[in-house]
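Asks: final-v3.cif is reproduced below (mmCIF, C-alpha atoms).
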data_my_file
#
loop_
_atom_site.label_atom_id
_atom_site.label_comp_id
_atom_site.auth_asym_id
_atom_site.auth_seq_id
_atom_site.Cartn_x
_atom_site.Cartn_y
_atom_site.Cartn_z
CA MET A 1 -228.24 185.28 7.67
CA ARG A 2 -231.49 183.71 6.47
CA GLY A 3 -233.08 187.13 6.10
CA ARG A 4 -230.26 188.20 3.81
CA CYS A 5 -230.53 184.99 1.80
CA ARG A 6 -234.23 185.44 1.36
CA THR A 7 -233.73 189.05 0.31
CA GLU A 8 -231.29 187.93 -2.37
CA ARG A 9 -233.72 185.26 -3.56
CA ARG A 10 -236.52 187.80 -3.83
CA ARG A 11 -234.33 190.22 -5.80
CA THR A 12 -234.11 187.78 -8.70
CA ALA A 13 -236.79 189.43 -10.82
CA TRP A 14 -235.53 193.01 -10.54
CA GLY A 15 -232.02 192.65 -9.17
CA ARG A 16 -230.25 192.03 -12.45
CA ARG A 17 -231.83 195.11 -14.00
CA VAL A 18 -231.64 197.63 -11.18
CA GLY A 19 -228.71 196.37 -9.09
CA ALA A 20 -226.24 198.55 -11.01
CA TRP A 21 -228.13 201.81 -10.47
CA ARG A 22 -225.98 202.99 -7.60
CA SER A 23 -222.77 202.57 -9.62
CA ARG A 24 -224.09 203.64 -13.03
CA PRO A 25 -225.72 207.07 -12.92
CA ALA A 26 -226.27 207.12 -16.67
CA VAL A 27 -228.27 203.90 -16.48
CA ALA A 28 -230.31 205.29 -13.61
CA ALA A 29 -231.14 208.41 -15.61
CA ALA A 30 -232.16 206.41 -18.67
CA VAL A 31 -234.35 204.04 -16.70
CA ALA A 32 -235.93 206.91 -14.78
CA VAL A 33 -236.90 208.65 -18.01
CA ARG A 34 -238.31 205.40 -19.41
CA VAL A 35 -240.31 204.86 -16.23
CA GLY A 36 -241.81 208.31 -16.54
CA ALA A 37 -242.65 207.75 -20.19
CA ALA A 38 -244.22 204.37 -19.40
CA ALA A 39 -246.39 206.00 -16.76
CA VAL A 40 -247.69 208.46 -19.33
CA VAL A 41 -248.63 205.61 -21.68
CA LEU A 42 -250.20 203.38 -19.07
CA GLY A 43 -252.07 205.99 -17.08
CA ALA A 44 -252.81 206.31 -13.40
CA THR A 45 -254.23 202.83 -12.84
CA ALA A 46 -251.54 200.85 -14.65
CA ALA A 47 -248.68 201.27 -12.19
CA VAL A 48 -245.65 199.08 -12.63
CA GLY A 49 -245.99 195.91 -10.52
CA PRO A 50 -243.17 194.29 -8.58
CA GLY A 51 -240.96 191.92 -10.49
CA HIS A 52 -242.40 192.71 -13.93
CA ALA A 53 -243.49 195.64 -16.03
CA ALA A 54 -247.22 195.94 -16.62
CA ALA A 55 -248.37 193.37 -19.14
CA ALA A 56 -248.32 194.57 -22.72
CA GLY A 57 -251.80 193.17 -23.17
CA GLN A 58 -253.14 195.71 -20.68
CA ILE A 59 -252.13 198.53 -23.02
CA SER A 60 -254.13 197.06 -25.90
CA GLY A 61 -257.09 196.26 -23.65
CA THR A 62 -256.63 192.48 -23.69
CA PRO A 63 -255.08 191.23 -20.44
CA SER A 64 -251.99 189.07 -20.89
CA PRO A 65 -252.70 185.64 -19.35
CA TYR A 66 -249.42 185.22 -17.45
CA ALA A 67 -246.01 186.82 -16.85
CA PHE A 68 -243.38 184.09 -16.76
CA ALA A 69 -240.40 184.39 -14.44
CA ASP A 70 -237.47 186.36 -15.80
CA GLY A 71 -234.67 184.03 -16.84
CA ALA A 72 -236.81 180.88 -16.89
CA GLN A 73 -234.91 178.16 -18.75
CA SER A 74 -236.64 176.55 -21.72
CA VAL A 75 -237.01 172.79 -21.43
CA GLU A 76 -238.89 170.26 -23.54
CA GLY A 77 -241.12 167.71 -21.88
CA ALA A 78 -240.38 164.14 -22.98
CA ARG A 79 -242.97 161.61 -24.09
CA SER A 80 -240.86 158.89 -22.44
CA THR A 81 -239.38 159.08 -18.94
CA GLY A 82 -236.21 157.58 -20.43
CA GLU A 83 -235.61 160.87 -22.24
CA ALA A 84 -236.87 163.21 -19.52
CA ALA A 85 -234.92 166.45 -19.07
CA LEU A 86 -233.41 167.18 -15.66
CA LEU A 87 -234.97 169.80 -13.38
CA LYS A 88 -232.63 171.20 -10.74
CA PRO A 89 -233.92 172.35 -7.31
CA GLY A 90 -234.08 176.13 -7.24
CA GLY A 91 -234.61 176.32 -10.98
CA THR A 92 -237.54 177.81 -12.89
CA TYR A 93 -238.37 176.37 -16.29
CA ARG A 94 -240.65 177.13 -19.21
CA SER A 95 -242.15 174.34 -21.29
CA SER A 96 -245.35 173.37 -23.13
CA LEU A 97 -248.12 170.79 -22.84
CA PRO A 98 -249.80 169.22 -25.89
CA SER A 99 -253.53 168.62 -25.81
CA SER A 100 -253.13 164.86 -25.43
CA GLY A 101 -250.64 162.60 -23.73
CA LYS A 102 -248.14 163.12 -20.94
CA VAL A 103 -244.86 165.02 -20.85
CA SER A 104 -242.24 164.06 -18.27
CA TYR A 105 -239.31 165.65 -16.45
CA ARG A 106 -236.66 164.19 -14.11
CA LEU A 107 -235.22 165.08 -10.70
CA ASP A 108 -232.17 163.45 -9.13
CA LEU A 109 -232.74 163.35 -5.36
CA ASP A 110 -230.93 162.10 -2.28
CA ALA A 111 -232.65 160.13 0.46
CA ALA A 112 -232.81 162.96 2.99
CA THR A 113 -234.76 165.85 1.47
CA ASN A 114 -238.37 166.51 0.58
CA ALA A 115 -238.87 167.75 -2.97
CA TYR A 116 -241.67 169.73 -4.60
CA VAL A 117 -242.31 170.56 -8.23
CA SER A 118 -245.09 172.98 -9.10
CA VAL A 119 -246.48 173.18 -12.61
CA THR A 120 -248.41 176.27 -13.72
CA ALA A 121 -250.48 175.62 -16.84
CA VAL A 122 -251.32 178.66 -18.98
CA PRO A 123 -253.95 178.23 -21.70
CA SER A 124 -254.18 181.00 -24.27
CA PRO A 125 -257.04 183.49 -23.73
CA GLY A 126 -258.77 182.11 -26.85
CA SER A 127 -258.81 178.53 -25.55
CA ALA A 128 -262.00 176.71 -24.58
CA VAL A 129 -262.13 174.35 -21.62
CA SER A 130 -264.68 171.99 -20.09
CA VAL A 131 -265.83 172.11 -16.48
CA ILE A 132 -263.48 169.33 -15.37
CA ASP A 133 -260.60 170.19 -17.68
CA GLY A 134 -257.37 171.19 -16.01
CA VAL A 135 -253.89 169.90 -15.28
CA LYS A 136 -252.76 166.70 -13.55
CA VAL A 137 -249.28 166.35 -12.04
CA THR A 138 -247.92 162.96 -10.96
CA MET A 139 -244.59 162.20 -9.27
CA GLN A 140 -243.12 158.68 -9.37
CA ASP A 141 -239.87 157.03 -8.39
CA ALA A 142 -237.64 155.04 -10.73
CA GLU A 143 -239.59 151.87 -9.98
CA GLY A 144 -242.89 153.41 -11.03
CA SER A 145 -244.27 153.82 -7.50
CA SER A 146 -246.54 156.84 -7.13
CA CYS A 147 -245.30 159.50 -4.71
CA SER A 148 -248.16 161.97 -5.27
CA VAL A 149 -250.97 162.91 -7.65
CA ASP A 150 -252.55 166.37 -7.83
CA THR A 151 -255.28 167.61 -10.15
CA VAL A 152 -256.58 171.18 -10.53
CA SER A 153 -259.52 172.07 -12.80
CA PHE A 154 -261.05 175.29 -14.12
CA GLY A 155 -264.50 174.76 -12.58
CA ALA A 156 -268.01 175.81 -13.48
CA ALA A 157 -267.03 179.14 -15.05
CA ARG A 158 -265.10 177.31 -17.80
CA SER A 159 -262.83 180.31 -18.09
CA PRO A 160 -259.24 179.50 -19.13
CA HIS A 161 -256.62 181.01 -16.84
CA PRO A 162 -253.32 180.07 -15.15
CA ILE A 163 -253.74 177.18 -12.70
CA ALA A 164 -251.08 175.25 -10.77
CA ALA A 165 -250.74 171.71 -9.44
CA TRP A 166 -247.79 170.22 -7.57
CA GLY A 167 -245.85 166.98 -7.27
CA ARG A 168 -244.34 165.89 -3.94
CA ARG A 169 -241.64 163.49 -2.85
CA GLU A 170 -241.73 163.23 0.96
CA THR A 171 -239.17 161.29 2.99
CA GLY A 172 -240.34 159.37 6.03
CA LYS A 173 -243.20 157.72 4.16
CA PRO A 174 -243.36 154.09 3.01
CA LEU A 175 -242.83 154.86 -0.70
CA CYS A 176 -240.36 157.10 -2.50
CA GLU A 177 -237.70 157.06 0.21
CA LYS A 178 -234.70 156.00 -1.85
CA ALA A 179 -232.12 158.22 -3.47
CA GLY A 180 -232.21 158.26 -7.24
CA ALA A 181 -234.20 159.49 -10.21
CA TYR A 182 -237.76 160.72 -9.80
CA PHE A 183 -240.14 161.66 -12.60
CA VAL A 184 -242.78 164.37 -12.83
CA SER A 185 -245.47 163.76 -15.45
CA VAL A 186 -247.91 166.44 -16.62
CA GLU A 187 -251.11 165.96 -18.61
CA ARG A 188 -254.44 167.61 -19.33
CA VAL A 189 -257.43 166.24 -17.45
CA ASP A 190 -260.17 166.44 -20.09
CA PRO A 191 -258.78 167.51 -23.48
CA ASP A 192 -261.60 165.73 -25.34
CA GLY A 193 -264.39 167.01 -23.09
CA GLU A 194 -267.37 168.94 -24.34
CA GLY A 195 -266.27 172.44 -25.24
CA SER A 196 -262.52 171.83 -24.81
CA SER A 197 -260.23 172.99 -27.60
CA PRO A 198 -257.11 170.99 -28.60
CA ASP A 199 -254.62 173.76 -27.88
CA THR A 200 -251.05 173.53 -26.67
CA TRP A 201 -250.64 175.16 -23.25
CA ASP A 202 -247.60 176.96 -21.90
CA LEU A 203 -246.07 175.64 -18.67
CA GLU A 204 -243.95 177.16 -15.91
CA LEU A 205 -242.22 174.65 -13.62
CA VAL A 206 -240.41 175.36 -10.35
CA ALA A 207 -238.47 172.80 -8.29
CA MET A 208 -237.78 173.18 -4.56
CA THR A 209 -236.32 171.05 -1.79
CA GLU A 210 -236.98 171.09 1.95
CA PRO A 211 -234.49 169.53 4.39
CA GLN A 212 -235.43 167.06 7.08
CA VAL A 213 -235.84 168.25 10.65
CA ALA A 214 -232.88 167.87 12.97
CA ARG A 215 -234.96 166.33 15.75
CA THR A 216 -238.07 164.17 15.92
CA ASP A 217 -241.24 166.20 15.52
CA PRO A 218 -244.89 165.08 15.85
CA THR A 219 -245.93 162.66 13.12
CA SER A 220 -249.64 163.49 13.23
CA ALA A 221 -251.46 166.71 12.41
CA PRO A 222 -252.76 168.84 15.31
CA GLU A 223 -256.26 167.69 16.24
CA THR A 224 -257.60 170.93 17.69
CA TRP A 225 -257.52 174.44 16.26
CA ASN A 226 -259.84 177.42 16.00
CA SER A 227 -262.13 176.32 13.19
CA ALA A 228 -264.73 179.08 13.67
CA THR A 229 -265.49 181.07 10.53
CA PRO A 230 -263.50 184.32 10.90
CA GLN A 231 -265.21 187.65 10.45
CA PRO A 232 -264.06 189.58 7.38
CA LEU A 233 -261.52 192.26 8.20
CA GLN A 234 -263.16 195.68 8.23
CA GLY A 235 -261.75 198.99 7.05
CA GLU A 236 -261.39 201.16 3.99
CA PRO A 237 -259.54 199.23 1.27
CA ARG A 238 -256.26 200.55 -0.07
CA ARG A 239 -255.23 200.23 -3.71
CA ARG A 240 -252.66 197.54 -4.44
CA LYS A 241 -252.04 196.58 -8.08
CA GLY A 242 -251.82 192.83 -8.56
CA GLY A 243 -249.01 191.08 -10.42
CA ALA A 244 -249.37 189.00 -13.58
CA GLY A 245 -247.59 185.84 -12.38
CA PHE A 246 -246.26 183.98 -9.34
CA SER A 247 -242.78 185.49 -9.63
CA GLY A 248 -244.25 189.00 -9.92
CA ALA A 249 -246.92 188.61 -7.22
CA THR A 250 -247.61 191.81 -5.30
CA PRO A 251 -246.88 191.54 -1.57
CA VAL A 252 -249.83 192.28 0.74
CA GLY A 253 -250.24 191.83 4.48
CA GLN A 254 -253.20 191.93 6.79
CA GLY A 255 -255.62 194.54 5.54
CA ALA A 256 -258.20 195.37 2.89
CA TRP A 257 -256.80 195.68 -0.63
CA ARG A 258 -258.55 197.00 -3.72
CA ASP A 259 -257.78 196.52 -7.38
CA ASP A 260 -259.47 196.73 -10.77
CA ILE A 261 -259.88 193.48 -12.67
CA ARG A 262 -261.17 192.79 -16.17
CA PRO A 263 -262.95 189.69 -17.50
CA GLY A 264 -260.36 187.05 -18.41
CA GLN A 265 -257.66 188.65 -16.24
CA THR A 266 -255.73 186.91 -13.44
CA LEU A 267 -254.01 188.83 -10.64
CA PHE A 268 -251.36 187.51 -8.23
CA TYR A 269 -250.63 188.57 -4.64
CA GLU A 270 -248.42 187.06 -1.93
CA VAL A 271 -249.06 187.07 1.81
CA PRO A 272 -246.35 186.28 4.41
CA VAL A 273 -247.76 183.64 6.79
CA ASP A 274 -245.51 182.53 9.64
CA TRP A 275 -245.51 179.38 11.76
CA GLY A 276 -248.58 179.29 14.00
CA GLN A 277 -250.57 181.82 11.97
CA GLN A 278 -253.95 181.32 10.34
CA VAL A 279 -254.80 183.10 7.09
CA SER A 280 -258.35 184.01 6.10
CA VAL A 281 -259.51 185.84 2.99
CA THR A 282 -262.80 187.37 1.87
CA ALA A 283 -263.15 188.42 -1.76
CA GLU A 284 -265.64 191.08 -2.86
CA LEU A 285 -266.72 192.02 -6.37
CA GLY A 286 -268.34 195.43 -6.86
CA SER A 287 -271.60 195.98 -8.71
CA SER A 288 -271.69 196.48 -12.47
CA ASP A 289 -272.41 199.87 -14.03
CA SER A 290 -274.10 198.22 -17.03
CA SER A 291 -277.76 197.38 -17.54
CA GLY A 292 -277.02 193.71 -18.25
CA THR A 293 -278.95 190.98 -16.49
CA GLY A 294 -278.08 187.36 -15.91
CA TYR A 295 -275.86 185.21 -13.70
CA VAL A 296 -272.27 183.99 -14.05
CA SER A 297 -271.34 181.00 -11.89
CA ASP A 298 -267.97 181.33 -10.13
CA ALA A 299 -267.41 184.66 -11.86
CA LEU A 300 -264.62 185.57 -9.45
CA ASP A 301 -262.35 182.68 -8.50
CA VAL A 302 -259.74 183.18 -5.75
CA ASP A 303 -257.21 180.42 -5.03
CA LEU A 304 -254.77 180.21 -2.14
CA TYR A 305 -251.43 178.51 -2.91
CA ASN A 306 -248.66 177.66 -0.45
CA PRO A 307 -244.99 178.70 -0.81
CA ALA A 308 -244.32 175.67 -3.04
CA ARG A 309 -247.27 176.75 -5.23
CA GLY A 310 -249.44 173.86 -4.10
CA ARG A 311 -253.12 174.78 -3.99
CA VAL A 312 -254.58 175.01 -0.48
CA ALA A 313 -258.17 176.19 -0.96
CA ASP A 314 -260.36 178.30 -3.23
CA VAL A 315 -263.59 180.28 -3.27
CA GLY A 316 -265.87 181.00 -6.23
CA VAL A 317 -268.11 184.06 -6.18
CA GLY A 318 -271.17 184.00 -8.43
CA TYR A 319 -272.24 187.29 -10.00
CA ASP A 320 -275.55 188.82 -11.12
CA GLY A 321 -274.43 192.42 -11.52
CA ASP A 322 -274.89 193.34 -7.85
CA GLN A 323 -272.05 193.39 -5.33
CA LYS A 324 -271.10 189.89 -4.14
CA SER A 325 -268.62 188.34 -1.72
CA GLY A 326 -267.27 184.98 -0.65
CA SER A 327 -264.65 183.64 1.77
CA LEU A 328 -262.10 180.87 1.86
CA PRO A 329 -263.06 178.06 4.25
CA PRO A 330 -261.61 178.22 7.78
CA LEU A 331 -258.00 177.01 7.66
CA PRO A 332 -255.76 175.67 10.47
CA PRO A 333 -252.58 177.42 11.56
CA VAL A 334 -249.42 176.76 9.58
CA ASP A 335 -247.68 173.80 11.18
CA HIS A 336 -244.92 171.43 10.06
CA ALA A 337 -247.02 168.48 11.28
CA ASN A 338 -249.94 169.40 9.00
CA ARG A 339 -248.25 167.29 6.31
CA TYR A 340 -249.49 164.20 8.12
CA ALA A 341 -253.15 165.22 7.84
CA ALA A 342 -255.60 163.03 5.93
CA THR A 343 -256.96 165.96 3.89
CA ALA A 344 -254.96 167.69 1.17
CA GLN A 345 -256.17 171.11 2.28
CA VAL A 346 -254.63 170.79 5.74
CA GLY A 347 -251.57 168.99 4.40
CA ALA A 348 -250.76 171.92 2.13
CA LEU A 349 -250.37 174.23 5.17
CA ARG A 350 -247.09 172.54 6.05
CA PHE A 351 -244.64 175.40 5.97
CA ALA A 352 -244.25 179.11 6.59
CA GLY A 353 -243.41 181.55 3.82
CA SER A 354 -245.17 183.51 1.10
CA TYR A 355 -248.65 182.20 0.38
CA TYR A 356 -250.16 183.26 -2.93
CA LEU A 357 -253.62 184.63 -3.66
CA VAL A 358 -254.57 184.18 -7.31
CA ALA A 359 -257.73 186.00 -8.41
CA HIS A 360 -259.38 185.39 -11.78
CA LEU A 361 -262.45 187.09 -13.24
CA SER A 362 -264.29 184.87 -15.69
CA LYS A 363 -264.28 186.02 -19.29
CA GLY A 364 -268.02 185.19 -19.29
CA VAL A 365 -268.66 188.31 -17.20
CA ALA A 366 -267.95 190.45 -20.28
CA ASP A 367 -270.69 188.70 -22.29
CA THR A 368 -273.37 189.73 -19.81
CA PHE A 369 -272.12 192.81 -17.99
CA GLY A 370 -269.46 194.34 -20.22
CA ASP A 371 -265.68 194.61 -20.28
CA GLY A 372 -265.39 196.51 -16.99
CA PRO A 373 -263.05 196.96 -15.23
CA TYR A 374 -264.67 195.70 -12.02
CA VAL A 375 -263.66 196.65 -8.50
CA MET A 376 -262.30 193.72 -6.52
CA THR A 377 -261.52 193.87 -2.79
CA LEU A 378 -259.51 191.27 -0.89
CA ARG A 379 -259.83 191.36 2.90
CA VAL A 380 -256.85 189.47 4.31
CA ARG A 381 -256.41 188.46 7.95
CA THR A 382 -253.38 186.71 9.46
CA SER A 383 -254.25 185.81 13.04
CA GLY A 384 -252.49 183.90 15.81
CA GLU A 385 -249.19 184.30 17.59
CA THR A 386 -246.15 183.46 15.52
CA ARG A 387 -243.94 180.74 16.92
CA GLY A 388 -240.65 179.14 16.09
CA GLY A 389 -240.65 176.65 13.28
CA PRO A 390 -238.94 173.28 13.05
CA GLU A 391 -235.20 172.98 13.42
CA TYR A 392 -234.16 172.00 9.93
CA ALA A 393 -231.02 169.93 9.39
CA GLY A 394 -230.00 172.04 6.40
CA GLU A 395 -231.12 174.79 4.05
CA SER A 396 -234.02 174.77 1.65
CA VAL A 397 -233.45 175.36 -2.06
CA PRO A 398 -234.05 178.19 -2.85
CA GLN A 399 -232.80 179.44 0.51
CA GLY A 400 -235.37 181.02 2.80
CA VAL A 401 -238.40 179.95 0.78
CA PHE A 402 -240.02 178.28 3.81
CA GLU A 403 -239.69 181.13 6.28
CA VAL A 404 -240.87 184.70 6.83
CA SER A 405 -238.25 187.41 7.28
CA GLU A 406 -238.51 191.01 8.42
CA GLN A 407 -237.91 192.03 4.80
CA ASP A 408 -240.99 190.03 3.79
CA ARG A 409 -243.12 191.82 6.36
CA GLU A 410 -241.82 195.19 5.21
CA ALA A 411 -242.53 194.25 1.59
CA ALA A 412 -246.10 193.31 2.48
CA ALA A 413 -246.61 196.66 4.17
CA GLU A 414 -245.12 198.62 1.25
CA GLY A 415 -246.40 196.51 -1.65
CA VAL A 416 -243.04 195.79 -3.28
CA ALA A 417 -240.86 192.67 -3.23
CA ALA A 418 -238.08 192.62 -0.63
CA GLY A 419 -234.83 194.00 -2.02
CA ASP A 420 -236.38 196.06 -4.81
CA ASP A 421 -234.78 199.44 -5.53
CA THR A 422 -236.20 202.50 -3.79
CA ALA A 423 -237.13 204.17 -7.06
CA MET A 424 -239.12 201.12 -8.15
CA ARG A 425 -240.77 200.99 -4.73
CA ALA A 426 -242.09 204.51 -5.19
CA LEU A 427 -243.87 203.43 -8.34
CA ALA A 428 -245.22 200.15 -6.98
CA VAL A 429 -246.84 201.30 -3.76
CA GLY A 430 -250.53 202.01 -4.15
CA GLY A 431 -250.47 202.85 -7.87
CA ILE A 432 -249.03 206.25 -8.77
CA GLY A 433 -250.66 208.63 -11.20
CA THR A 434 -249.16 209.69 -14.50
CA GLY A 435 -247.88 213.07 -13.36
CA SER A 436 -246.35 211.73 -10.15
CA ALA A 437 -244.55 208.92 -11.98
CA LEU A 438 -243.15 211.38 -14.49
CA LEU A 439 -241.93 213.63 -11.69
CA VAL A 440 -240.21 210.66 -10.02
CA GLY A 441 -238.39 209.87 -13.26
CA LEU A 442 -237.40 213.49 -13.90
CA GLY A 443 -236.34 213.94 -10.27
CA ILE A 444 -233.93 211.02 -10.41
CA TRP A 445 -232.62 212.22 -13.75
CA THR A 446 -231.97 215.72 -12.36
CA VAL A 447 -230.17 214.42 -9.25
CA VAL A 448 -227.98 212.10 -11.32
CA ALA A 449 -227.15 214.86 -13.81
CA ARG A 450 -226.06 217.20 -10.98
CA ARG A 451 -223.83 214.51 -9.52
CA ARG A 452 -222.18 213.98 -12.89
CA ILE A 453 -221.51 217.74 -13.24
CA THR A 454 -219.96 217.97 -9.76
CA THR A 455 -217.72 215.00 -10.45
#
Can the structure in the file be given as structure tokens, please?

Replies:
Amino acid sequence: MRGRCRTERRRTAWGRRVGAWRSRPAVAAAVAVRVGAAAVVLGATAAVGPGHAAAAGQISGTPSPYAFADGAQSVEGARSTGEAALLKPGGTYRSSLPSSGKVSYRLDLDAATNAYVSVTAVPSPGSAVSVIDGVKVTMQDAEGSSCSVDTVSFGAARSPHPIAAWGRRETGKPLCEKAGAYFVSVERVDPDGEGSSPDTWDLELVAMTEPQVARTDPTSAPETWNSATPQPLQGEPRRRKGGAGFSGATPVGQGAWRDDIRPGQTLFYEVPVDWGQQVSVTAELGSSDSSGTGYVSDALDVDLYNPARGRVADVGVGYDGDQKSGSLPPLPPVDHANRYAATAQVGALRFAGSYYLVAHLSKGVADTFGDGPYVMTLRVRTSGETRGGPEYAGESVPQGVFEVSEQDREAAAEGVAAGDDTAMRALAVGGIGTGSALLVGLGIWTVVARRRITT
């Protein structure tokens, strides 16, 4: 049952557009022809990613900063919590953040569920940011007590790109236990810092809830785990085109995955990580083919986010034109009890599900070494025996978000979101060349036409 629920949840991006294919041959033919035509325009390396078409900015040569979720509801952040708009668990929202001051949103929660709100901030590519600039997300109850505070910054590269911070309301802790209204406030960290520009940023907000466990579980994080630095996974990398946003993240599993990335571009991938598993990632950036010399600090930034889009860890790879690599720090296995850890990094590894890898290449790389593209390799390892998770007393919202299903594992192997149509899967896996994509489109068109004649 949960597998089916998760499949339906993962179909959201494509399901509305391709779900009618089987019953509408004419639609299938039209879409197939359009897919073939798009492949001709985009070329062999611009294959359609899962959940979204390739960003329009990629056609013009300027990467689009972010692909928002299809159907995201527009909502305006309020300057006063008294006028805060309601966010519903399971909903995805689009809003904006002014350069100064807070904007607030409201959740109405019972006393029994944990709640998470993730806020993805998207500066425009032309923005300027300071080293410590970023986004700060605070969650408070109706009495003004702080439930959580999370801050994420852009770092030494000072390259604007999508970043996410999360707010948390957790039951079983001294504060924020009551049912009632809760408020999520969002603000910039350093809008007046040296080099920061006073731009309005786009926001994507997602709200989720996690039920309590049905029985008493440990209330302290595991003290022992394999903290040795894992060896990077070996093997010839396979091509896997990254997505342009969280909702369109490309599924990947254990393995070595290669993609092309341009300065200023951000690519999204998702990795199924089950209870008891450890995830490790090594990022590699290939050498430049230009004659430029110099050094870019944190040229390649790779962040790991959990299923609620809370940041777990990151690695920055400096670049001098030669091939470079870096790895995420050793991380403990996913465990429900990790939420009781003293460190935020361990606490974020609190549930199973799709973990996100977000890779950004600093726009400063172009100034020294050219526009690229540059070859990026992600070596992903998921080690450890999977085990049963906690016995929840209800369902999460969205359903299945904190679990790994067989469909998720299949999606990671094939490179397409669970539930996507077979025709779309053919285009998403590995990146298909222009001629092949056109043949796929024409093949579907021919089959559909023959069926219409026979009927």

Asks: Env of Phe183 of chain A: 6 Å cut, atoms = all atoms listed in the file, seq-sep filter 3 positions within chain, self excluded. Answer as a ChimeraX atom specification.

Replies: /A:105-106,139-140

Asks: Which one is closest to Gly384 of chain A: A:Ser196, A:Asn226, A:Gln265, A:Gln73? Count all atoms listed in the file.

Replies: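 Using all atoms listed in the file, Gly384 of chain A sits closest to A:Asn226.
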
Asks: Under the PyMOL selection byres ((chain A and resi 275-285) around 9), which residues of this model are included? Write them out as an NGL selection string.

Replies: :A and (229-233 or 254 or 271 or 273-274 or 286-287 or 300-302 or 304 or 315 or 317 or 319 or 322-336 or 351-353 or 357 or 359 or 374-389 or 403-404)

Asks: For Val252 of chain A, find every residue with an atom within 8 Å (counting all atoms listed in the file), except residues of its own chain fewer than 4 positions away, and show them as a list in words.

Replies: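 Here the answer would be Arg240, Trp257, Tyr269, Glu270, Val271, Pro272, Ala411, Ala412, Ala413, Glu414 and Gly415 of chain A.
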
Asks: Run the PyMOL selection byres ((chain A and resi 214) around 9) mentally over the shown coordinates, then write out the matched residues as a short mmCIF file (atom, residue, chain, number, x, y, z; two decimals) with C-alpha atoms, keeping the file's coordinate frame, using the chain letters and numbers from the document.

Replies:
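The result, stored in part-v8.cif:
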data_model
loop_
_atom_site.label_atom_id
_atom_site.label_comp_id
_atom_site.auth_asym_id
_atom_site.auth_seq_id
_atom_site.Cartn_x
_atom_site.Cartn_y
_atom_site.Cartn_z
CA PRO A 211 -234.49 169.53 4.39
CA GLN A 212 -235.43 167.06 7.08
CA VAL A 213 -235.84 168.25 10.65
CA ARG A 215 -234.96 166.33 15.75
CA THR A 216 -238.07 164.17 15.92
CA ASP A 217 -241.24 166.20 15.52
CA PRO A 390 -238.94 173.28 13.05
CA GLU A 391 -235.20 172.98 13.42
CA TYR A 392 -234.16 172.00 9.93
CA ALA A 393 -231.02 169.93 9.39
CA GLY A 394 -230.00 172.04 6.40
#

Asks: What are the nearest atom pairs, with distances in Å to one decimal, for all residues of segment 303-399 of chain A that come at most 9 Å from segment 165-182 of chain A, using only C-alpha atoms, set out by chain and rising residue number as JSON lines?

Replies:
{"residue": "A:Ala308", "atom": "CA", "partner": "A:Trp166", "partner_atom": "CA", "distance": 7.9}
{"residue": "A:Arg309", "atom": "CA", "partner": "A:Trp166", "partner_atom": "CA", "distance": 7.0}
{"residue": "A:Gly310", "atom": "CA", "partner": "A:Trp166", "partner_atom": "CA", "distance": 5.3}
{"residue": "A:Arg311", "atom": "CA", "partner": "A:Ala165", "partner_atom": "CA", "distance": 6.7}

Asks: What gap, in Å, lies between atom CA of Asp70 of chain A and atom CA of Asp202 of chain A?

Replies: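 Computing it gives 15.1 Å between the two atoms.
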
Asks: Determine the residue membership of the PyMOL selection byres ((chain A and resi 77-90) around 10) for the file above and supply it as a PyMOL selection string.

Replies: chain A and resi 9+73-76+91-98+101-109+115-117+142+181-186+203+205-210+396-399+401

Asks: At what distance in Å, to one decimal, does atom CA of Val416 of chain A lie from atom CA of Gly243 of chain A?

Replies: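 Those two atoms sit 10.4 Å apart.
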
Asks: Closest to Ser118 of chain A among A:Ala299, A:Ile132, A:Ala366, A:Val149, using only C-alpha atoms?

Replies: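 Distance minimum relative to Ser118 of chain A lands on A:Val149.
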
Asks: Between atom CA of Arg258 of chain A and atom CA of Arg238 of chain A, what distance in Å does the model show, to one decimal?

Replies: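 Straight-line distance from atom CA of Arg258 of chain A to atom CA of Arg238 of chain A works out to 5.6 Å.
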